[in-house]
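*Asks:* Before I ask anything, let me first share the structure, which is written out below as structure tokens.
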Amino acid sequence: MSNSQEEKRNEPFRIAIIGGGIGGLFCALAIHHHHHHHHHSTTATLSSQTDGEGSGSNSSNGGDEANKGKRDIQIDVYEQAPEYREIGAAVGVGINAARLLHRLGLGAGLIKVAGRRQGTWFTFRRFEDSGEVVSIPDADTEPGDVRQGGAAKLHTEKACAGVSVLDDGSEGKGKVEVRFRDGTSAIADLVVGCDGVHSVVRDRFVTDANNKSVESGMIAYRGIVPTSALEKDWPFEHWSNIWVAKHRHFLSYPIADNTQLNIVAFVTKRLGGGRVINDAENEQNKYKNIRESWSSLCDRAEVVADFDGFDEPVQRIIGLIDERPGRWKINDHEPLSRWHFAEGRVVLVGDAAHAMLPHMGAGAGQSIEDGWILGRALAEYLENNPPNSSSNRRKFESLESTMQFYQDVRLPRAQKVQAGSRVGGNLYELQTEEMSKLSYEDALPVMTESLRERMKFVWSEDVDDSYNRMRDEQAV
Ligand SMILES: Cc1cc2nc3c(=O)[nH]c(=O)nc-3n(C[C@H](O)[C@H](O)[C@H](O)COP(=O)(O)OP(=O)(O)OC[C@H]3O[C@@H](n4cnc5c(N)ncnc54)[C@H](O)[C@@H]3O)c2cc1C
């Protein structure tokens with residue numbers, strides 16, 4: 001062993017996670033979990049600090065028997081926000097992703113924040129009289145909140161401004177430098193970009209024409225309403241309903257143990273090809289000026305106007321939402337052909353890798369699956385005794401091949417969900433190409449037909465099975 005390799009063994013492998021959203025936090029916990037794979041009594045937690053420097057007192061391998069001989073790791077999460085707060089945007093995750101949360105000991109917290117859906121994912125209803133169109137059974141969907149407290153050190157107010165690979169001339173050769181907007185920097189062996197749809201990490205490394213955000217032409221209003229204000233005379237057996245009209249759909253589902261109803265109301269303002277919908281031409285500037293940001297607000301009157309003609313329960317809900325509800329442009333991102341760069345020292349996770357439209361309710365679940373698989377693959381790379389057969393060993397022999405393996409497992413599925421989410425939005429608004437010529441009456445059965453099957457693949461996948469299958473595949 002050369003001197004530099006000897007050195008490498010003694011210092012921890014440093015992982016810098018950029019972005020402390022669902023993807024970043026879950027990824028930190030999953031890397032920790034898989035690294036300490038044999039040591040089940042360890043409960044993964046995150047400790048928070050705001051001091052900034054990633055000075056490594058938190059290396060994550062304290063005397064663990066199972067990890068003897070395994071290289072230490074140190075995980076730092078850098079989040080731009082000054083603190084964690086509710087942004088009124090609970091997300092649902094499918095049963096398979098929920099199972100992964102449970103395996104990291106996050107189940108109790110999950111149950112506390114979950115809404116009970118009584119077996120129904122959503123009932124789709126006619127907009128004007130709430131008549132049931134179709135009910136899609138639930139595979140036990142639960143919203144997730146992975147904010148838990150020392151698998152990793154959490155640094156807030158650390159906005160990443162740039163990432164560069166240290167070249168041959170410099171001391172940290174082979175490492176990556178992360179620079180922050182406050183002028184500080186950190187050095188890591190692996191940088192994981194979990195910085196969401198507007199990812200700085202992605203934009204630094206993906207420079208081809210495909211690296212662009214795509215407008216769906218839809219906007220969404222968002223609000224939260226207490227169910228206690230609706231309970232009296234609520235005409236339905238449950239709280240998960242989607243009212244569908246052409247070019248509009250109004251979605252509600254319960255959160256916080258059914259005490260709150262989460263509302264997302266979608267309106268198409270412009271169809272593919274640029275055709276203007278639901279607005280006079282001269283109002284289109286309004287659409288242009290709407291921001292993509294989750295924190296942008298509007299007047300409730302806009303929601304009232306856009307959902308004119310919807311049935312009474314919808315009107316009651318709209319009457320209860322905040323005077324200044326959230327309003328966003330709903331955009332996704334073109335699929336990327338590559339998720340890892342700089343010989344595997346930089347990798348993307350979550351929305352940074354595959355920002356998708358919200359119409360399958362699957363973005364958070366896909367981020368969780370990414371983190372789980374990345375954690376497993378990285379543990380195999382850092383493991384002293386890699387798989388037996390030489391061709392399998394090759395999969396984890398370098399950081400680059402390991403990150404390629406992560407990508408091989410995850411990319412096809414995530415992009416399938418990404419594509420499916422695009423179709424989903426147009427399906428719920430009865431505006432797919434096929435439906436565009438059909439009346440409301442004739443379009444509804446087309447929607448129903450394709451709805452029944454389309455969520456199954458999102459919920460039914462066992463990500464460990466896929467991982468194992470690909471891991472054990474012989475190289476061709
Ligand atoms: C209206 C709407 C409804 C949705 N509903 C659902 C749903 O029901 N189910 C579901 O599964 N998904 C849903 N999603 C999608 C889901 O919210 C995302 O897919 C998920 O949050 C992605 O997680 P992430 O960690 O990759 O990104 P994010 O959650 O976006 O987190 C990125 C984090 O990185 C931080 N960050 C950004 N830039 C930097 C920087 N330069 N430096 C440091 N930190 C940075 C951000 O502050 C943020 O904390 C919905 C999305 C929308 C818009």
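Labels for the structure tokens follow display order: chains A, B, ..., residues from 1 in each chain, ligands from 1.
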Which chains and residue numbers are within 8 Å of ligand 1, counting only C-alpha atoms and all ligand atoms, if I want them as JSON, numbers by chain?

*Replies:* {"A": [18, 19, 20, 21, 22, 23, 24, 25, 78, 79, 80, 81, 89, 90, 91, 92, 93, 94, 143, 157, 158, 159, 160, 161, 180, 194, 195, 196, 197, 198, 199, 200, 201, 220, 221, 222, 264, 294, 328, 330, 349, 350, 351, 352, 353, 355, 356, 357, 358, 359, 360, 361, 362, 363, 364, 365, 366, 367]}

*Asks:* Go through range 421-443 of chain A and flag each residue having an atom no more than 12 Å from range 250-254 of chain A; for those, report the closest pair of atoms plus their distance in Å to one decimal, using only C-alpha atoms, ordered by chain and rising number, as a Markdown table.

*Replies:*
| residue | atom | partner | partner_atom | distance |
| --- | --- | --- | --- | --- |
| A:Gly425 | CA | A:Phe250 | CA | 11.7 |
| A:Tyr428 | CA | A:Phe250 | CA | 9.7 |
| A:Glu429 | CA | A:Phe250 | CA | 9.8 |

*Asks:* Emit the selected residues as an mmCIF file, in the first residue's frame, including C-alpha atoms.

*Replies:*
data_model
loop_
_atom_site.group_PDB
_atom_site.id
_atom_site.type_symbol
_atom_site.label_atom_id
_atom_site.label_comp_id
_atom_site.auth_asym_id
_atom_site.auth_seq_id
_atom_site.Cartn_x
_atom_site.Cartn_y
_atom_site.Cartn_z
ATOM 1 C CA GLY A 425 -51.646 15.763 -15.357
ATOM 2 C CA TYR A 428 -56.820 14.309 -14.921
ATOM 3 C CA GLU A 429 -57.572 17.456 -16.889
#

*Asks:* Need to verify the contact set: His247 in chain A, 7 Å, only C-alpha atoms, exclusion of same-chain residues closer than 5 positions in sequence. Can you return it as a list in words?

*Replies:* Val267, Thr268, Glu429, Leu430 and Gln431 of chain A

*Asks:* Pull N, CA and C atoms from the residues just selected and write them as a short mmCIF file (atom, residue, chain, number, x, y, z; two decimals), in the first residue's frame.

*Replies:*
data_model
loop_
_atom_site.label_atom_id
_atom_site.label_comp_id
_atom_site.auth_asym_id
_atom_site.auth_seq_id
_atom_site.Cartn_x
_atom_site.Cartn_y
_atom_site.Cartn_z
N VAL A 267 -54.89 24.28 -12.47
CA VAL A 267 -55.56 24.89 -13.62
C VAL A 267 -54.55 24.98 -14.76
N THR A 268 -54.97 24.50 -15.93
CA THR A 268 -54.09 24.66 -17.09
C THR A 268 -54.32 26.04 -17.68
N GLU A 429 -56.91 16.26 -16.34
CA GLU A 429 -57.57 17.46 -16.89
C GLU A 429 -58.18 17.16 -18.26
N LEU A 430 -58.29 15.89 -18.57
CA LEU A 430 -59.00 15.43 -19.77
C LEU A 430 -58.49 16.14 -21.02
N GLN A 431 -57.17 16.28 -21.09
CA GLN A 431 -56.61 17.03 -22.20
C GLN A 431 -55.43 16.33 -22.87
#

*Asks:* With only C-alpha atoms as the atoms that count, which of A:Arg393, A:Arg116, A:His36, A:Arg248 lies nearest to Tyr381 in chain A?

*Replies:* A:Arg393

*Asks:* From the options A:Lys70, A:His34, A:Arg14, A:Arg413, which residue's atoms come nearest to Ala379 in chain A, counting only C-alpha atoms?

*Replies:* A:His34

*Asks:* Hey, what does DSSP flag as strand (DSSP E or B) within range 325-476 of chain A? Can you give it to me as a ChimeraX atom specification?

*Replies:* /A:326-333,340-341,346-348

*Asks:* Take CA of Gly371 in chain A and CA of Leu190 in chain A and report the distance between them in Å, one decimal.

*Replies:*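 Between CA of Gly371 in chain A and CA of Leu190 in chain A the gap works out to 14.0 Å.
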
*Asks:* Set the distance at 9 Å and use only C-alpha atoms: which residues neighbour Ile136 in chain A once local chain neighbours fewer than 3 positions away are removed? I'd like the list as a PDB file with C-alpha atoms, in the first residue's frame.

*Replies:*
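As written to disk, part-v1.pdb reads:
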ATOM      1  CA  GLY A 119     -58.486   2.402   1.779  1.00  0.00           C
ATOM      2  CA  THR A 120     -58.918   4.963  -0.942  1.00  0.00           C
ATOM      3  CA  TRP A 121     -56.062   6.757  -2.674  1.00  0.00           C
ATOM      4  CA  PHE A 122     -58.433   9.149  -4.361  1.00  0.00           C
ATOM      5  CA  THR A 123     -62.018   9.200  -5.505  1.00  0.00           C
ATOM      6  CA  PHE A 124     -62.311  11.045  -8.786  1.00  0.00           C
ATOM      7  CA  LEU A 451     -56.176   5.350 -14.108  1.00  0.00           C
ATOM      8  CA  ARG A 452     -56.856   1.882 -12.796  1.00  0.00           C
ATOM      9  CA  MET A 455     -50.264   3.828 -10.063  1.00  0.00           C
TER      10      MET A 455
END

*Asks:* Can you work out the spacing between CA of Pro313 in chain A and CA of Glu441 in chain A in Å, to one decimal?

*Replies:* 21.4 Å

*Asks:* Quick one: residues within 6 Å of Val77 in chain A, only C-alpha atoms counted, chain neighbours fewer than 3 positions away excluded, as a list in words?

*Replies:*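 Here the answer would be Ile17, Leu154 and His155 of chain A.
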
*Asks:* I need the helix (DSSP H, G or I) residues of range 169-211 of chain A per DSSP on the backbone, written as an mmCIF file with C-alpha atoms, in the first residue's frame.

*Replies:*
data_model
loop_
_atom_site.group_PDB
_atom_site.id
_atom_site.type_symbol
_atom_site.label_atom_id
_atom_site.label_comp_id
_atom_site.auth_asym_id
_atom_site.auth_seq_id
_atom_site.Cartn_x
_atom_site.Cartn_y
_atom_site.Cartn_z
ATOM 1 C CA VAL A 200 -26.802 24.279 -8.475
ATOM 2 C CA VAL A 201 -24.848 21.009 -8.425
ATOM 3 C CA ARG A 202 -26.672 19.718 -11.492
ATOM 4 C CA ASP A 203 -26.253 22.967 -13.375
ATOM 5 C CA ARG A 204 -22.528 22.945 -12.741
ATOM 6 C CA PHE A 205 -22.078 19.499 -14.300
#

*Asks:* Restricting the calculation to only C-alpha atoms, which member of A:Gln260, A:Asn241, A:Gln407, A:Ser213 is positioned closest to Val225 in chain A?

*Replies:*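 Closest candidate: A:Gln260.
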
*Asks:* Write out as a PyMOL selection string the residues lying within 9 Å of Trp459 in chain A, counting only C-alpha atoms and excluding same-chain residues fewer than 2 positions away.

*Replies:* chain A and resi 93-97+139+141+455-457+461-462

*Asks:* Those selected residues, please, written with C-alpha atoms and delivered as an mmCIF file, in the first residue's frame.

*Replies:*
data_model
loop_
_atom_site.group_PDB
_atom_site.id
_atom_site.type_symbol
_atom_site.label_atom_id
_atom_site.label_comp_id
_atom_site.auth_asym_id
_atom_site.auth_seq_id
_atom_site.Cartn_x
_atom_site.Cartn_y
_atom_site.Cartn_z
ATOM 1 C CA VAL A 93 -45.337 8.675 -0.173
ATOM 2 C CA GLY A 94 -46.273 5.281 -1.537
ATOM 3 C CA ILE A 95 -46.258 2.146 0.573
ATOM 4 C CA ASN A 96 -42.878 0.966 -0.752
ATOM 5 C CA ALA A 97 -41.187 4.259 0.179
ATOM 6 C CA ALA A 139 -51.734 0.875 -1.187
ATOM 7 C CA THR A 141 -50.165 5.688 1.321
ATOM 8 C CA MET A 455 -50.264 3.828 -10.063
ATOM 9 C CA LYS A 456 -49.454 0.159 -9.480
ATOM 10 C CA PHE A 457 -45.864 0.223 -10.667
ATOM 11 C CA GLU A 461 -41.718 -1.966 -6.606
ATOM 12 C CA ASP A 462 -39.399 -3.532 -4.023
#

*Asks:* Just give me the gap between CA of Glu343 in chain A and CA of Thr207 in chain A in Å, one decimal is fine.

*Replies:*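 Here the two named atoms are 16.4 Å from each other.
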